[in-house]
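A.B. asks: My questions all concern the structure below.
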Amino acid sequence: MTAVEQPESGLTYGQAGVDIEAGDALVEQIRSTVARTQGPRVLGPHGAFAGMFRLDFNEKLFKRNYSEPVLVSCTDGVGTKLKIAIELGVLDTVGLDCVAMNVNDLIVQGAEPLFFLDYIGLHAQIPEDTAKIVEGVARGCEIADCALIGGECAEMPDIYGAGDFDLVGFSVGVVELERAIDPSRVQPDDVLIGLASSGIHSNGYTLVRAIVEQAKLDLHTVYLDGQLREGESKTLGEVLLEPTRIYARPITHLLRNYKVKKIVSMMAHITGG
């Protein structure tokens, strides 16, 4: 039986379009950014295969005790708002959008955000650009008081066109079982309270972009509706890229500071669904 002959030359991962060294450089570049969001409950080294988070609910590591903790999880993305961000070259706010779209879903279940993971699929790995995206994710996690404990950045030139990327997030929170939101408690004459948005947030951008195209609007132009206050204005692009508001702190503050177990009957994150 003869040995299988090996070809004199082969194809490398780099020649196939994936830059492993750039990926490794990104992991190192975002080390401090990710660490900024983490506290004593996050375990394990940076860049591990999976993130670890302690679930021993006590006063030292958490803001209050839990007798029957229920984990709440969700996933969401930024959608086609990314197309506008890519066109304008603004990469440092969409990460915040990604966090917001997830934690805002968590809190309407009565949950407090614990940790977050992100997924970035892209055409080519440019560490400096990807680091801007992750910086936005980290900033969102800080606002939401949750830890960024891991993520994935996949370089797929066969899937994404040059300059394109997708951004998706995954979030986990916790709620005391007896404090979980129960929509069956809604009654006539309940008081309805609405918290204002910061703009369009991250929904409906397929329609928004169609309107911009049909009306032949310029993303670099300041229109009348872009006027904020005297002496301050924003271009249409800046208005459309206004980051999604994160409601975690006001909602968790409200739920924590009432002895009534279910001071809120129902909450909804208005995102078009």
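Ligands are numbered from 1 in the order shown, residues from 1 within each chain, and chains are lettered A, B, ... in the order they appear in the structure tokens.
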Determine, counting only C-alpha atoms, which protein, DNA and RNA residues have an atom within 9 Å of an atom of A:Val264; residues of the same chain fewer than 2 positions away are not included. Present the result as a VMD selection string.

C.D. replies: chain A and resid 110 181 to 182 255 261 to 262 266 to 267

A.B. asks: Pick out the residues sitting within 12 Å of A:Leu91, and hand them over as a compact mmCIF listing (two decimals) with all heavy atoms, in the first residue's frame; count only C-alpha atoms, and ignore anything fewer than 2 positions along from it in its own chain.

C.D. replies:
```txt
# COMPACT_ATOMS: atom_id res chain seq x y z
N LYS A 81 -30.73 49.47 9.33
CA LYS A 81 -30.12 50.72 9.78
C LYS A 81 -28.62 50.67 9.50
O LYS A 81 -27.97 51.70 9.30
CB LYS A 81 -30.38 50.94 11.27
CG LYS A 81 -29.90 52.28 11.83
CD LYS A 81 -30.31 52.43 13.29
CE LYS A 81 -29.97 53.81 13.84
NZ LYS A 81 -30.44 53.99 15.23
N LEU A 82 -28.09 49.45 9.46
CA LEU A 82 -26.67 49.26 9.15
C LEU A 82 -26.31 49.80 7.77
O LEU A 82 -25.19 50.27 7.56
CB LEU A 82 -26.31 47.77 9.22
CG LEU A 82 -26.37 47.11 10.59
CD1 LEU A 82 -26.08 45.62 10.46
CD2 LEU A 82 -25.39 47.76 11.56
N LYS A 83 -27.25 49.74 6.83
CA LYS A 83 -26.96 50.22 5.47
C LYS A 83 -26.63 51.71 5.49
O LYS A 83 -25.73 52.17 4.77
CB LYS A 83 -28.15 49.95 4.55
CG LYS A 83 -28.52 48.50 4.40
CD LYS A 83 -27.53 47.76 3.52
CE LYS A 83 -27.70 48.10 2.06
NZ LYS A 83 -26.83 47.27 1.19
N ILE A 84 -27.36 52.47 6.30
CA ILE A 84 -27.10 53.91 6.41
C ILE A 84 -25.77 54.15 7.11
O ILE A 84 -24.98 55.00 6.71
CB ILE A 84 -28.25 54.61 7.15
CG1 ILE A 84 -29.55 54.47 6.35
CG2 ILE A 84 -27.93 56.09 7.38
CD1 ILE A 84 -30.77 55.03 7.05
N ALA A 85 -25.51 53.38 8.17
CA ALA A 85 -24.24 53.52 8.90
C ALA A 85 -23.06 53.21 7.99
O ALA A 85 -22.04 53.92 8.01
CB ALA A 85 -24.23 52.58 10.11
N ILE A 86 -23.19 52.18 7.17
CA ILE A 86 -22.11 51.81 6.25
C ILE A 86 -21.92 52.90 5.21
O ILE A 86 -20.79 53.30 4.89
CB ILE A 86 -22.43 50.46 5.58
CG1 ILE A 86 -22.35 49.34 6.62
CG2 ILE A 86 -21.47 50.19 4.43
CD1 ILE A 86 -22.92 48.01 6.14
N GLU A 87 -23.02 53.41 4.67
CA GLU A 87 -22.93 54.46 3.65
C GLU A 87 -22.25 55.71 4.18
O GLU A 87 -21.46 56.35 3.48
CB GLU A 87 -24.33 54.81 3.13
CG GLU A 87 -24.33 55.86 2.03
CD GLU A 87 -25.72 56.13 1.47
OE1 GLU A 87 -26.64 55.32 1.71
OE2 GLU A 87 -25.89 57.17 0.78
N LEU A 88 -22.52 56.05 5.44
CA LEU A 88 -21.95 57.27 6.02
C LEU A 88 -20.62 56.99 6.74
O LEU A 88 -19.98 57.93 7.21
CB LEU A 88 -22.95 57.89 7.00
CG LEU A 88 -24.25 58.40 6.37
CD1 LEU A 88 -25.17 58.97 7.45
CD2 LEU A 88 -23.97 59.46 5.30
N GLY A 89 -20.24 55.73 6.85
CA GLY A 89 -18.99 55.40 7.52
C GLY A 89 -19.02 55.63 9.02
O GLY A 89 -17.98 55.89 9.64
N THR A 93 -21.87 53.70 16.64
CA THR A 93 -23.16 53.82 17.34
C THR A 93 -24.05 52.59 17.16
O THR A 93 -24.93 52.36 17.98
CB THR A 93 -23.94 55.06 16.87
OG1 THR A 93 -24.16 54.96 15.46
CG2 THR A 93 -23.17 56.33 17.17
N VAL A 94 -23.83 51.82 16.10
CA VAL A 94 -24.73 50.70 15.84
C VAL A 94 -24.59 49.61 16.90
O VAL A 94 -25.53 48.84 17.14
CB VAL A 94 -24.48 50.12 14.42
CG1 VAL A 94 -24.97 51.09 13.36
CG2 VAL A 94 -23.02 49.76 14.21
N GLY A 95 -23.44 49.52 17.55
CA GLY A 95 -23.28 48.57 18.64
C GLY A 95 -24.20 48.89 19.80
O GLY A 95 -24.78 48.00 20.43
N LEU A 96 -24.35 50.18 20.08
CA LEU A 96 -25.27 50.61 21.13
C LEU A 96 -26.70 50.24 20.74
O LEU A 96 -27.49 49.80 21.57
CB LEU A 96 -25.13 52.12 21.34
CG LEU A 96 -25.74 52.69 22.62
CD1 LEU A 96 -24.97 53.95 23.04
CD2 LEU A 96 -27.20 53.05 22.43
N ASP A 97 -27.03 50.43 19.44
CA ASP A 97 -28.35 50.02 18.95
C ASP A 97 -28.60 48.54 19.21
O ASP A 97 -29.70 48.14 19.62
CB ASP A 97 -28.46 50.27 17.44
CG ASP A 97 -28.63 51.74 17.09
OD1 ASP A 97 -29.53 52.38 17.64
OD2 ASP A 97 -27.86 52.24 16.25
N CYS A 98 -27.60 47.73 18.96
CA CYS A 98 -27.74 46.29 19.12
C CYS A 98 -28.03 45.92 20.57
O CYS A 98 -28.91 45.09 20.84
CB CYS A 98 -26.47 45.59 18.63
SG CYS A 98 -26.62 43.80 18.50
N GLU A 128 -9.45 47.90 13.06
CA GLU A 128 -9.78 49.25 13.53
C GLU A 128 -11.27 49.54 13.38
O GLU A 128 -11.89 50.16 14.25
CB GLU A 128 -8.97 50.30 12.77
CG GLU A 128 -7.47 50.27 13.03
CD GLU A 128 -6.78 49.11 12.32
OE1 GLU A 128 -7.39 48.50 11.41
OE2 GLU A 128 -5.62 48.82 12.66
N ASP A 129 -11.87 49.10 12.27
CA ASP A 129 -13.29 49.34 12.05
C ASP A 129 -14.14 48.46 12.97
O ASP A 129 -15.12 48.93 13.56
CB ASP A 129 -13.66 49.05 10.58
CG ASP A 129 -13.11 50.10 9.63
OD1 ASP A 129 -12.67 51.16 10.12
OD2 ASP A 129 -13.11 49.85 8.42
N THR A 130 -13.79 47.19 13.08
CA THR A 130 -14.55 46.30 13.93
C THR A 130 -14.46 46.73 15.39
O THR A 130 -15.43 46.60 16.15
CB THR A 130 -14.05 44.85 13.78
OG1 THR A 130 -14.03 44.50 12.39
CG2 THR A 130 -14.96 43.88 14.51
N ALA A 131 -13.31 47.26 15.80
CA ALA A 131 -13.15 47.74 17.17
C ALA A 131 -14.12 48.88 17.46
O ALA A 131 -14.61 49.01 18.59
CB ALA A 131 -11.71 48.19 17.41
N LYS A 132 -14.42 49.71 16.45
CA LYS A 132 -15.40 50.79 16.64
C LYS A 132 -16.78 50.22 16.91
O LYS A 132 -17.54 50.74 17.74
CB LYS A 132 -15.42 51.69 15.40
CG LYS A 132 -14.16 52.50 15.17
CD LYS A 132 -14.27 53.33 13.90
CE LYS A 132 -12.99 54.10 13.63
NZ LYS A 132 -13.07 54.87 12.36
N ILE A 133 -17.13 49.15 16.20
CA ILE A 133 -18.43 48.51 16.41
C ILE A 133 -18.51 47.96 17.83
O ILE A 133 -19.49 48.17 18.55
CB ILE A 133 -18.64 47.39 15.38
CG1 ILE A 133 -18.62 47.95 13.96
CG2 ILE A 133 -19.96 46.67 15.65
CD1 ILE A 133 -18.63 46.88 12.87
N VAL A 134 -17.46 47.27 18.26
CA VAL A 134 -17.43 46.67 19.60
C VAL A 134 -17.44 47.75 20.67
O VAL A 134 -18.04 47.58 21.74
CB VAL A 134 -16.22 45.75 19.75
CG1 VAL A 134 -16.14 45.19 21.17
CG2 VAL A 134 -16.27 44.61 18.74
N GLU A 135 -16.80 48.88 20.39
CA GLU A 135 -16.81 49.99 21.34
C GLU A 135 -18.25 50.45 21.59
O GLU A 135 -18.63 50.75 22.72
CB GLU A 135 -15.97 51.15 20.81
CG GLU A 135 -16.06 52.44 21.61
CD GLU A 135 -15.60 52.31 23.04
OE1 GLU A 135 -14.65 51.54 23.29
OE2 GLU A 135 -16.18 52.98 23.93
N GLY A 136 -19.05 50.51 20.52
CA GLY A 136 -20.45 50.88 20.68
C GLY A 136 -21.21 49.84 21.49
O GLY A 136 -22.07 50.19 22.31
N VAL A 137 -20.92 48.57 21.27
CA VAL A 137 -21.55 47.50 22.06
C VAL A 137 -21.20 47.67 23.54
O VAL A 137 -22.07 47.60 24.41
CB VAL A 137 -21.10 46.12 21.55
CG1 VAL A 137 -21.63 45.01 22.48
CG2 VAL A 137 -21.58 45.87 20.12
N GLY A 163 -17.33 45.79 2.29
CA GLY A 163 -17.80 46.86 3.16
C GLY A 163 -19.03 46.53 3.98
O GLY A 163 -19.40 47.26 4.89
N ASP A 164 -19.70 45.42 3.65
CA ASP A 164 -20.93 45.06 4.35
C ASP A 164 -20.64 44.27 5.62
O ASP A 164 -19.62 43.58 5.73
CB ASP A 164 -21.84 44.21 3.45
CG ASP A 164 -22.49 45.02 2.35
OD1 ASP A 164 -22.53 46.26 2.48
OD2 ASP A 164 -22.95 44.42 1.36
N PHE A 165 -21.56 44.37 6.58
CA PHE A 165 -21.49 43.53 7.79
C PHE A 165 -22.88 43.44 8.39
O PHE A 165 -23.78 44.21 8.06
CB PHE A 165 -20.49 44.09 8.81
CG PHE A 165 -20.91 45.40 9.45
CD1 PHE A 165 -21.61 45.41 10.65
CD2 PHE A 165 -20.59 46.61 8.86
CE1 PHE A 165 -21.98 46.61 11.25
CE2 PHE A 165 -20.95 47.82 9.45
CZ PHE A 165 -21.65 47.81 10.65
N ASP A 166 -23.06 42.46 9.26
CA ASP A 166 -24.30 42.31 10.02
C ASP A 166 -23.94 42.27 11.49
O ASP A 166 -22.86 41.81 11.87
CB ASP A 166 -25.04 41.05 9.61
CG ASP A 166 -26.50 41.07 10.04
OD1 ASP A 166 -26.98 42.13 10.50
OD2 ASP A 166 -27.18 40.02 9.92
N LEU A 167 -24.85 42.75 12.32
CA LEU A 167 -24.60 42.84 13.76
C LEU A 167 -25.83 42.35 14.51
O LEU A 167 -26.93 42.88 14.34
CB LEU A 167 -24.29 44.29 14.14
CG LEU A 167 -24.08 44.60 15.62
CD1 LEU A 167 -22.94 43.80 16.20
CD2 LEU A 167 -23.83 46.10 15.81
N LEU A 241 -29.33 58.03 12.30
CA LEU A 241 -28.40 57.19 13.04
C LEU A 241 -28.40 57.48 14.54
O LEU A 241 -27.56 56.95 15.28
CB LEU A 241 -26.98 57.35 12.49
CG LEU A 241 -26.72 56.73 11.12
CD1 LEU A 241 -25.27 56.94 10.70
CD2 LEU A 241 -27.07 55.24 11.11
N PRO A 243 -28.74 56.92 18.14
CA PRO A 243 -28.78 55.61 18.80
C PRO A 243 -30.10 55.34 19.51
O PRO A 243 -30.77 56.25 20.00
CB PRO A 243 -27.62 55.69 19.81
CG PRO A 243 -26.70 56.72 19.26
CD PRO A 243 -27.59 57.74 18.62
```

A.B. asks: Rounded to one decimal in Å, what is the spacing between atom CA of A:Ser202 and atom CA of A:Thr80?

C.D. replies: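 Separation between atom CA of A:Ser202 and atom CA of A:Thr80: 8.2 Å.
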
A.B. asks: Give me, please, the distance in Å between atom CA of A:Val18 and atom CA of A:Phe116, quoted to one decimal.

C.D. replies: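 These atoms are spaced 26.1 Å apart.
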
A.B. asks: Name the residues of stretch 104-159 of chain A that come out as strand (DSSP E) in a backbone DSSP run; write them as a PyMOL selection string.

C.D. replies: chain A and resi 112-122+147-155

A.B. asks: Output N, CA and C atoms of each residue in that selection to a file, as a tab-separated table (two decimals), in the first residue's frame.

C.D. replies:
```tsv
chain	number	residue	atom	x	y	z
A	112	GLU	N	-33.78	42.21	34.92
A	112	GLU	CA	-32.60	43.07	34.96
A	112	GLU	C	-31.52	42.44	34.08
A	113	PRO	N	-30.93	43.18	33.16
A	113	PRO	CA	-29.90	42.61	32.29
A	113	PRO	C	-28.69	42.13	33.08
A	114	LEU	N	-28.16	40.97	32.71
A	114	LEU	CA	-26.98	40.41	33.35
A	114	LEU	C	-25.77	40.46	32.41
A	115	PHE	N	-25.91	39.84	31.25
A	115	PHE	CA	-24.77	39.82	30.33
A	115	PHE	C	-25.23	39.81	28.88
A	116	PHE	N	-24.29	40.08	28.00
A	116	PHE	CA	-24.57	40.29	26.57
A	116	PHE	C	-23.47	39.66	25.73
A	117	LEU	N	-23.83	39.15	24.57
A	117	LEU	CA	-22.87	38.66	23.59
A	117	LEU	C	-23.24	39.23	22.23
A	118	ASP	N	-22.24	39.44	21.39
A	118	ASP	CA	-22.53	39.97	20.05
A	118	ASP	C	-21.99	39.06	18.96
A	119	TYR	N	-22.58	39.18	17.79
A	119	TYR	CA	-22.13	38.46	16.60
A	119	TYR	C	-21.97	39.46	15.45
A	120	ILE	N	-20.80	39.49	14.86
A	120	ILE	CA	-20.54	40.36	13.72
A	120	ILE	C	-20.11	39.49	12.55
A	121	GLY	N	-20.89	39.49	11.48
A	121	GLY	CA	-20.52	38.81	10.25
A	121	GLY	C	-20.11	39.87	9.23
A	122	LEU	N	-18.95	39.70	8.59
A	122	LEU	CA	-18.47	40.76	7.70
A	122	LEU	C	-17.70	40.21	6.50
A	147	ALA	N	-22.80	42.98	31.48
A	147	ALA	CA	-21.43	42.66	31.10
A	147	ALA	C	-21.38	42.11	29.68
A	148	LEU	N	-20.40	42.56	28.93
A	148	LEU	CA	-20.11	41.98	27.62
A	148	LEU	C	-19.14	40.83	27.85
A	149	ILE	N	-19.63	39.59	27.76
A	149	ILE	CA	-18.80	38.45	28.17
A	149	ILE	C	-18.31	37.60	27.00
A	150	GLY	N	-18.63	37.98	25.79
A	150	GLY	CA	-18.15	37.19	24.65
A	150	GLY	C	-18.79	37.63	23.37
A	151	GLY	N	-18.40	36.98	22.29
A	151	GLY	CA	-18.95	37.30	20.99
A	151	GLY	C	-18.25	36.52	19.89
A	152	GLU	N	-18.64	36.81	18.67
A	152	GLU	CA	-18.08	36.15	17.50
A	152	GLU	C	-17.95	37.15	16.37
A	153	CYS	N	-16.84	37.10	15.69
A	153	CYS	CA	-16.63	37.95	14.52
A	153	CYS	C	-16.24	37.03	13.37
A	154	ALA	N	-17.15	36.84	12.42
A	154	ALA	CA	-16.96	35.89	11.34
A	154	ALA	C	-16.69	36.60	10.02
A	155	GLU	N	-15.52	36.31	9.45
A	155	GLU	CA	-15.14	36.89	8.17
A	155	GLU	C	-15.61	35.96	7.05
```

A.B. asks: When DSSP is applied to the backbone of this structure, which of stretch 87-259 of chain A are assigned alpha helix (DSSP H)? Write them out as JSON, numbers by chain.

C.D. replies: {"A": [87, 88, 94, 95, 96, 97, 98, 99, 100, 101, 102, 103, 104, 105, 106, 107, 127, 128, 129, 130, 131, 132, 133, 134, 135, 136, 137, 138, 139, 140, 141, 142, 143, 144, 205, 206, 207, 208, 209, 210, 211, 212, 213, 214, 236, 237, 238, 239, 240, 248, 249, 250, 251, 252, 253, 254, 255, 256]}
